[in-house]
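Here the structure comes first, spelled out in structure tokens, and everything after it is commentary.
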Amino acid sequence: MYRKAFLIAASAMLANPAVAQTAAPAPAASAAHGVAAGAIVYDAQGDVVGTIVSTDGTNAVVDTGTVKAALALSAFGTSPKGPTLGMTKAQLDAAASQQQPNSAEFRAKLVPGAAVYGSGGTEIGKIKEADAQFITLTTPHGDARLPIAGFGPGTNGITIGLTAQQLEAAIKGAAPQK
């Protein structure tokens, strides 16, 4: 019912420290439905689901204390208490657990030529090579070597927690100066 993907902050995703220092910050949080970092999320009965740890203007990462799951901003509603979801903490934990990025099924998809999508849902590149720790991603702006932990299943397929613009800025910032 809801889109789920595991996201890691842009600076934590990038394997190259020079790239991490130049990664663009996430856009300001959406004011719609009170979805902003630090906001407590409730279910339809008013029980706490978790806390929003970040948002990129398209998705919000909810930490339930058990899992961190990215949900489309459109998945949130409002209540007098604050932002709400149509699922309980237990339901979100169960749904997110089924989407584990370390599963053998998911890892089997991390092959050369596989498309990778950014947090905005746009294809941002293709896998050039993958090993047990890193994936080299080929984009129109160059290659980026990223930790495998930064990749997860998404609605379009393999997803990372960066937009195309954030990855492009990081790649350009890490390029050697001439």
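Chain identifiers are assigned as A, B, and so on, following the order in which chains appear in the structure tokens; residues are numbered from 1 within each chain, and ligands are numbered from 1 in order of appearance.
Within 9 Å of Val67 of chain A, once only C-alpha atoms are used and residues closer than 5 positions along the same chain are dropped, the contacting residues are Val62, Leu92, Asp93, Ala96 and Ser97 of chain A.
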Using all heavy atoms, can you write the selected residues to a file as a CSV table (one decimal), in the first residue's frame?
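The result, written out as selection-v6.csv:
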chain,number,residue,atom,x,y,z
A,62,VAL,N,10.9,7.4,8.5
A,62,VAL,CA,10.3,7.2,9.8
A,62,VAL,C,11.1,6.2,10.6
A,62,VAL,O,11.3,5.0,10.1
A,62,VAL,CB,8.8,6.8,9.7
A,62,VAL,CG1,8.2,6.5,11.1
A,62,VAL,CG2,8.0,7.8,8.9
A,92,LEU,N,4.0,-1.3,10.1
A,92,LEU,CA,5.2,-0.7,9.4
A,92,LEU,C,6.4,-1.5,9.6
A,92,LEU,O,7.2,-1.7,8.7
A,92,LEU,CB,5.3,0.8,9.9
A,92,LEU,CG,6.5,1.5,9.2
A,92,LEU,CD1,6.3,1.6,7.6
A,92,LEU,CD2,6.6,3.0,9.7
A,93,ASP,N,6.7,-1.9,10.8
A,93,ASP,CA,7.8,-2.8,11.1
A,93,ASP,C,7.8,-4.0,10.2
A,93,ASP,O,8.8,-4.4,9.7
A,93,ASP,CB,7.9,-3.2,12.6
A,93,ASP,CG,8.3,-2.0,13.5
A,93,ASP,OD1,8.9,-1.0,13.0
A,93,ASP,OD2,8.1,-2.2,14.7
A,96,ALA,N,8.4,-3.1,6.5
A,96,ALA,CA,9.7,-2.8,6.2
A,96,ALA,C,10.7,-4.0,6.3
A,96,ALA,O,11.6,-4.1,5.5
A,96,ALA,CB,10.2,-1.7,7.2
A,97,SER,N,10.4,-4.9,7.2
A,97,SER,CA,11.2,-6.1,7.4
A,97,SER,C,11.2,-6.9,6.1
A,97,SER,O,12.2,-7.6,5.8
A,97,SER,CB,10.8,-6.9,8.6
A,97,SER,OG,11.1,-6.1,9.8
Could you give me, as JSON lines, every segment 30-83 of chain A residue with an atom at most 12 Å from segment 151-160 of chain A, plus its closest atom pair and distance in Å to one decimal, counting only C-alpha atoms, rows ordered by chain then number?
{"residue": "A:Asn59", "atom": "CA", "partner": "A:Gly154", "partner_atom": "CA", "distance": 11.7}
{"residue": "A:Lys68", "atom": "CA", "partner": "A:Gly152", "partner_atom": "CA", "distance": 11.9}
{"residue": "A:Ala69", "atom": "CA", "partner": "A:Gly152", "partner_atom": "CA", "distance": 10.5}
{"residue": "A:Ala70", "atom": "CA", "partner": "A:Gly154", "partner_atom": "CA", "distance": 9.5}
{"residue": "A:Leu71", "atom": "CA", "partner": "A:Gly154", "partner_atom": "CA", "distance": 10.2}
{"residue": "A:Ala72", "atom": "CA", "partner": "A:Thr155", "partner_atom": "CA", "distance": 10.6}
7 Å contact set for segment 135-148 of chain A, only C-alpha atoms, chain neighbours under 2 positions out, as a list in words
Met13, Leu14, Ala15, Ile124, Gly125, Lys126, Ile127, Lys128, Glu129, Ala130, Asp131, Gln133, Gly150, Phe151, Glu168 and Ile171 of chain A
Just the selected residues (C-alpha atoms), exported as a CSV table (one decimal), in the first residue's frame, please.
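Result went into part-v5.csv, see below:
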chain,number,residue,atom,x,y,z
A,13,MET,CA,26.2,6.8,1.6
A,14,LEU,CA,29.2,8.1,-0.2
A,15,ALA,CA,32.3,6.0,0.1
A,124,ILE,CA,20.0,8.1,-12.0
A,125,GLY,CA,22.4,5.5,-13.4
A,126,LYS,CA,23.3,1.9,-14.0
A,127,ILE,CA,25.4,-0.5,-12.0
A,128,LYS,CA,28.9,-0.9,-13.5
A,129,GLU,CA,30.1,-3.4,-11.0
A,130,ALA,CA,29.3,-4.7,-7.5
A,131,ASP,CA,31.2,-6.5,-4.8
A,133,GLN,CA,30.9,-3.9,0.0
A,150,GLY,CA,23.1,2.7,0.7
A,151,PHE,CA,21.0,0.7,-1.8
A,168,GLU,CA,25.5,14.9,-9.6
A,171,ILE,CA,30.3,13.6,-8.3
Which residues are close to Thr51 of chain A, i.e. within 8 Å by only C-alpha atoms, leaving aside same-chain residues fewer than 2 positions away? Reply as a CSV table (one decimal) with N, CA, C and O atoms, in the first residue's frame.
chain,number,residue,atom,x,y,z
A,37,ALA,N,11.5,16.8,9.9
A,37,ALA,CA,12.4,16.0,10.8
A,37,ALA,C,12.0,16.4,12.2
A,37,ALA,O,11.8,17.5,12.6
A,38,GLY,N,12.0,15.3,13.1
A,38,GLY,CA,11.7,15.5,14.5
A,38,GLY,C,10.2,15.3,14.8
A,38,GLY,O,9.9,15.2,16.0
A,39,ALA,N,9.3,15.3,13.8
A,39,ALA,CA,7.9,15.2,14.1
A,39,ALA,C,7.6,13.8,14.5
A,39,ALA,O,8.1,12.8,14.0
A,40,ILE,N,6.7,13.6,15.4
A,40,ILE,CA,6.2,12.3,15.9
A,40,ILE,C,5.0,11.9,14.9
A,40,ILE,O,4.2,12.7,14.6
A,41,VAL,N,5.1,10.6,14.5
A,41,VAL,CA,4.1,10.1,13.5
A,41,VAL,C,3.1,9.2,14.3
A,41,VAL,O,3.6,8.4,15.1
A,49,VAL,N,3.7,5.8,16.0
A,49,VAL,CA,4.3,4.9,15.1
A,49,VAL,C,5.8,5.1,15.1
A,49,VAL,O,6.6,4.1,15.1
A,53,VAL,N,12.9,11.2,10.9
A,53,VAL,CA,14.3,11.5,11.1
A,53,VAL,C,14.9,12.4,10.0
A,53,VAL,O,15.8,13.2,10.2
A,62,VAL,N,10.9,7.4,8.5
A,62,VAL,CA,10.3,7.2,9.8
A,62,VAL,C,11.1,6.2,10.6
A,62,VAL,O,11.3,5.0,10.1
A,63,ASP,N,11.5,6.5,11.8
A,63,ASP,CA,12.3,5.6,12.6
A,63,ASP,C,11.3,5.1,13.7
A,63,ASP,O,10.8,5.9,14.5
A,64,THR,N,11.0,3.8,13.7
A,64,THR,CA,10.0,3.2,14.6
A,64,THR,C,10.7,2.8,15.9
A,64,THR,O,10.0,2.3,16.8
Atom pair atom CA of Ala90 of chain A + atom CA of Gly77 of chain A, distance 18.2 Å
Q. Can you list every residue in segment 100-166 of chain A that DSSP puts in strand (DSSP E), as a ChimeraX atom specification?
A. /A:115-117,123-130,134-139,142-147,151-153,158-160
The selected residues should be written to file as a PDB file, in the first residue's frame (atoms: N, CA and C atoms).
ATOM      1  N   ALA A 115      19.412  -0.897 -13.626  1.00  0.00           N
ATOM      2  CA  ALA A 115      19.072   0.513 -13.415  1.00  0.00           C
ATOM      3  C   ALA A 115      18.954   0.801 -11.926  1.00  0.00           C
ATOM      4  N   VAL A 116      19.384   2.003 -11.535  1.00  0.00           N
ATOM      5  CA  VAL A 116      19.289   2.458 -10.146  1.00  0.00           C
ATOM      6  C   VAL A 116      18.501   3.760 -10.143  1.00  0.00           C
ATOM      7  N   TYR A 117      17.578   3.874  -9.204  1.00  0.00           N
ATOM      8  CA  TYR A 117      16.702   5.035  -9.112  1.00  0.00           C
ATOM      9  C   TYR A 117      17.034   5.850  -7.870  1.00  0.00           C
ATOM     10  N   GLU A 123      15.457   7.472 -12.764  1.00  0.00           N
ATOM     11  CA  GLU A 123      16.648   6.652 -12.974  1.00  0.00           C
ATOM     12  C   GLU A 123      17.863   7.564 -12.955  1.00  0.00           C
ATOM     13  N   ILE A 124      18.869   7.208 -12.152  1.00  0.00           N
ATOM     14  CA  ILE A 124      20.048   8.071 -12.040  1.00  0.00           C
ATOM     15  C   ILE A 124      21.311   7.418 -12.565  1.00  0.00           C
ATOM     16  N   GLY A 125      21.247   6.139 -12.887  1.00  0.00           N
ATOM     17  CA  GLY A 125      22.417   5.481 -13.431  1.00  0.00           C
ATOM     18  C   GLY A 125      22.223   3.988 -13.504  1.00  0.00           C
ATOM     19  N   LYS A 126      23.317   3.327 -13.892  1.00  0.00           N
ATOM     20  CA  LYS A 126      23.305   1.871 -13.998  1.00  0.00           C
ATOM     21  C   LYS A 126      24.499   1.313 -13.225  1.00  0.00           C
ATOM     22  N   ILE A 127      24.315   0.122 -12.698  1.00  0.00           N
ATOM     23  CA  ILE A 127      25.401  -0.524 -11.979  1.00  0.00           C
ATOM     24  C   ILE A 127      26.487  -0.923 -12.974  1.00  0.00           C
ATOM     25  N   LYS A 128      27.700  -0.496 -12.674  1.00  0.00           N
ATOM     26  CA  LYS A 128      28.858  -0.863 -13.485  1.00  0.00           C
ATOM     27  C   LYS A 128      29.484  -2.145 -12.937  1.00  0.00           C
ATOM     28  N   GLU A 129      29.645  -2.198 -11.624  1.00  0.00           N
ATOM     29  CA  GLU A 129      30.144  -3.398 -10.958  1.00  0.00           C
ATOM     30  C   GLU A 129      29.715  -3.375  -9.504  1.00  0.00           C
ATOM     31  N   ALA A 130      29.680  -4.568  -8.916  1.00  0.00           N
ATOM     32  CA  ALA A 130      29.287  -4.699  -7.511  1.00  0.00           C
ATOM     33  C   ALA A 130      30.134  -5.773  -6.863  1.00  0.00           C
ATOM     34  N   PHE A 134      30.785  -2.620  -2.036  1.00  0.00           N
ATOM     35  CA  PHE A 134      30.550  -1.409  -2.817  1.00  0.00           C
ATOM     36  C   PHE A 134      29.888  -1.698  -4.157  1.00  0.00           C
ATOM     37  N   ILE A 135      29.197  -0.673  -4.634  1.00  0.00           N
ATOM     38  CA  ILE A 135      28.628  -0.694  -5.976  1.00  0.00           C
ATOM     39  C   ILE A 135      29.189   0.511  -6.706  1.00  0.00           C
ATOM     40  N   THR A 136      29.693   0.275  -7.915  1.00  0.00           N
ATOM     41  CA  THR A 136      30.119   1.393  -8.759  1.00  0.00           C
ATOM     42  C   THR A 136      28.956   1.699  -9.679  1.00  0.00           C
ATOM     43  N   LEU A 137      28.494   2.922  -9.596  1.00  0.00           N
ATOM     44  CA  LEU A 137      27.335   3.382 -10.341  1.00  0.00           C
ATOM     45  C   LEU A 137      27.802   4.297 -11.463  1.00  0.00           C
ATOM     46  N   THR A 138      27.409   4.010 -12.700  1.00  0.00           N
ATOM     47  CA  THR A 138      27.738   4.854 -13.841  1.00  0.00           C
ATOM     48  C   THR A 138      26.559   5.784 -14.096  1.00  0.00           C
ATOM     49  N   THR A 139      26.855   7.076 -14.132  1.00  0.00           N
ATOM     50  CA  THR A 139      25.830   8.092 -14.376  1.00  0.00           C
ATOM     51  C   THR A 139      26.276   8.951 -15.552  1.00  0.00           C
ATOM     52  N   GLY A 142      29.509  10.796 -14.549  1.00  0.00           N
ATOM     53  CA  GLY A 142      30.684  10.073 -14.101  1.00  0.00           C
ATOM     54  C   GLY A 142      30.298   8.891 -13.230  1.00  0.00           C
ATOM     55  N   ASP A 143      31.302   8.182 -12.769  1.00  0.00           N
ATOM     56  CA  ASP A 143      31.085   7.026 -11.916  1.00  0.00           C
ATOM     57  C   ASP A 143      31.164   7.429 -10.451  1.00  0.00           C
ATOM     58  N   ALA A 144      30.416   6.711  -9.624  1.00  0.00           N
ATOM     59  CA  ALA A 144      30.452   6.926  -8.174  1.00  0.00           C
ATOM     60  C   ALA A 144      30.535   5.555  -7.518  1.00  0.00           C
ATOM     61  N   ARG A 145      31.443   5.401  -6.580  1.00  0.00           N
ATOM     62  CA  ARG A 145      31.583   4.157  -5.822  1.00  0.00           C
ATOM     63  C   ARG A 145      30.908   4.373  -4.475  1.00  0.00           C
ATOM     64  N   LEU A 146      29.832   3.612  -4.240  1.00  0.00           N
ATOM     65  CA  LEU A 146      28.990   3.807  -3.061  1.00  0.00           C
ATOM     66  C   LEU A 146      28.888   2.523  -2.253  1.00  0.00           C
ATOM     67  N   PRO A 147      28.762   2.649  -0.934  1.00  0.00           N
ATOM     68  CA  PRO A 147      28.582   1.458  -0.099  1.00  0.00           C
ATOM     69  C   PRO A 147      27.288   0.727  -0.460  1.00  0.00           C
ATOM     70  N   PHE A 151      21.995   1.081  -0.797  1.00  0.00           N
ATOM     71  CA  PHE A 151      21.038   0.659  -1.814  1.00  0.00           C
ATOM     72  C   PHE A 151      19.949  -0.174  -1.178  1.00  0.00           C
ATOM     73  N   GLY A 152      18.750  -0.041  -1.681  1.00  0.00           N
ATOM     74  CA  GLY A 152      17.650  -0.824  -1.157  1.00  0.00           C
ATOM     75  C   GLY A 152      16.579  -0.990  -2.209  1.00  0.00           C
ATOM     76  N   PRO A 153      15.610  -1.837  -1.954  1.00  0.00           N
ATOM     77  CA  PRO A 153      14.519  -2.019  -2.898  1.00  0.00           C
ATOM     78  C   PRO A 153      13.579  -0.823  -2.854  1.00  0.00           C
ATOM     79  N   ILE A 158      15.904  -0.981  -7.831  1.00  0.00           N
ATOM     80  CA  ILE A 158      17.016  -0.643  -6.943  1.00  0.00           C
ATOM     81  C   ILE A 158      17.025   0.865  -6.718  1.00  0.00           C
ATOM     82  N   THR A 159      17.092   1.289  -5.464  1.00  0.00           N
ATOM     83  CA  THR A 159      16.979   2.700  -5.104  1.00  0.00           C
ATOM     84  C   THR A 159      18.089   3.111  -4.144  1.00  0.00           C
ATOM     85  N   ILE A 160      18.524   4.368  -4.248  1.00  0.00           N
ATOM     86  CA  ILE A 160      19.425   4.952  -3.258  1.00  0.00           C
ATOM     87  C   ILE A 160      18.766   6.202  -2.698  1.00  0.00           C
TER      88      ILE A 160
END
Practice prompt. Please identify all polymer residues within 8 Å of Asp43 of chain A, counting only C-alpha atoms, omitting same-chain residues fewer than 2 positions from it, and present them as number ranges by chain.
Written response: A: 41, 45-49, 84-89
For the residues selected in the previous step, produce a file with C-alpha atoms as an mmCIF file, in the first residue's frame.
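The resulting file, selection-v2.cif, is reproduced below:
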data_model
loop_
_atom_site.group_PDB
_atom_site.id
_atom_site.type_symbol
_atom_site.label_atom_id
_atom_site.label_comp_id
_atom_site.auth_asym_id
_atom_site.auth_seq_id
_atom_site.Cartn_x
_atom_site.Cartn_y
_atom_site.Cartn_z
ATOM 1 C CA VAL A 41 4.052 10.127 13.542
ATOM 2 C CA GLN A 45 -5.921 5.392 16.617
ATOM 3 C CA GLY A 46 -3.513 8.065 17.863
ATOM 4 C CA ASP A 47 -0.767 5.651 18.921
ATOM 5 C CA VAL A 48 2.858 6.541 18.171
ATOM 6 C CA VAL A 49 4.323 4.876 15.065
ATOM 7 C CA THR A 84 -0.456 10.173 10.652
ATOM 8 C CA LEU A 85 -0.115 6.930 8.739
ATOM 9 C CA GLY A 86 -2.769 4.399 7.864
ATOM 10 C CA MET A 87 -0.717 1.654 9.525
ATOM 11 C CA THR A 88 0.346 0.851 13.044
ATOM 12 C CA LYS A 89 3.950 0.632 14.250
#
Go through segment 92-157 of chain A and collect every residue that DSSP, computed from the backbone, puts in alpha helix (DSSP H); the answer should be as a VMD selection string. chain A and resid 92 to 97 104 to 107
Exercise for review: Pick out the closest residue to Lys81 of chain A from this set: A:Ala94, A:Ala36, A:Ala44, A:Ala170. Count only C-alpha atoms.
Suggested key: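 Closest to Lys81 of chain A of all the choices is A:Ala44.
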Atom CA of Gln165 of chain A to atom CA of Ala132 of chain A measures 26.7 Å
**Request:** Rank A:Gly50, A:Thr55, A:Gln91, A:Ala149 by their smallest atom-to-atom distance to Val35 of chain A, using only C-alpha atoms, and report the top residue only.
**Result:**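 Using only C-alpha atoms, the shortest distance to Val35 of chain A belongs to A:Thr55.
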Correct to one decimal, the distance atom CA of Tyr42 of chain A-atom CA of Ser79 of chain A is 8.3 Å
Which residue, A:Leu110, A:Thr122, A:Thr58, A:Thr66, has the smallest gap to Ala95 of chain A when you use only C-alpha atoms?
->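 Closest to Ala95 of chain A of all the choices is A:Thr66.
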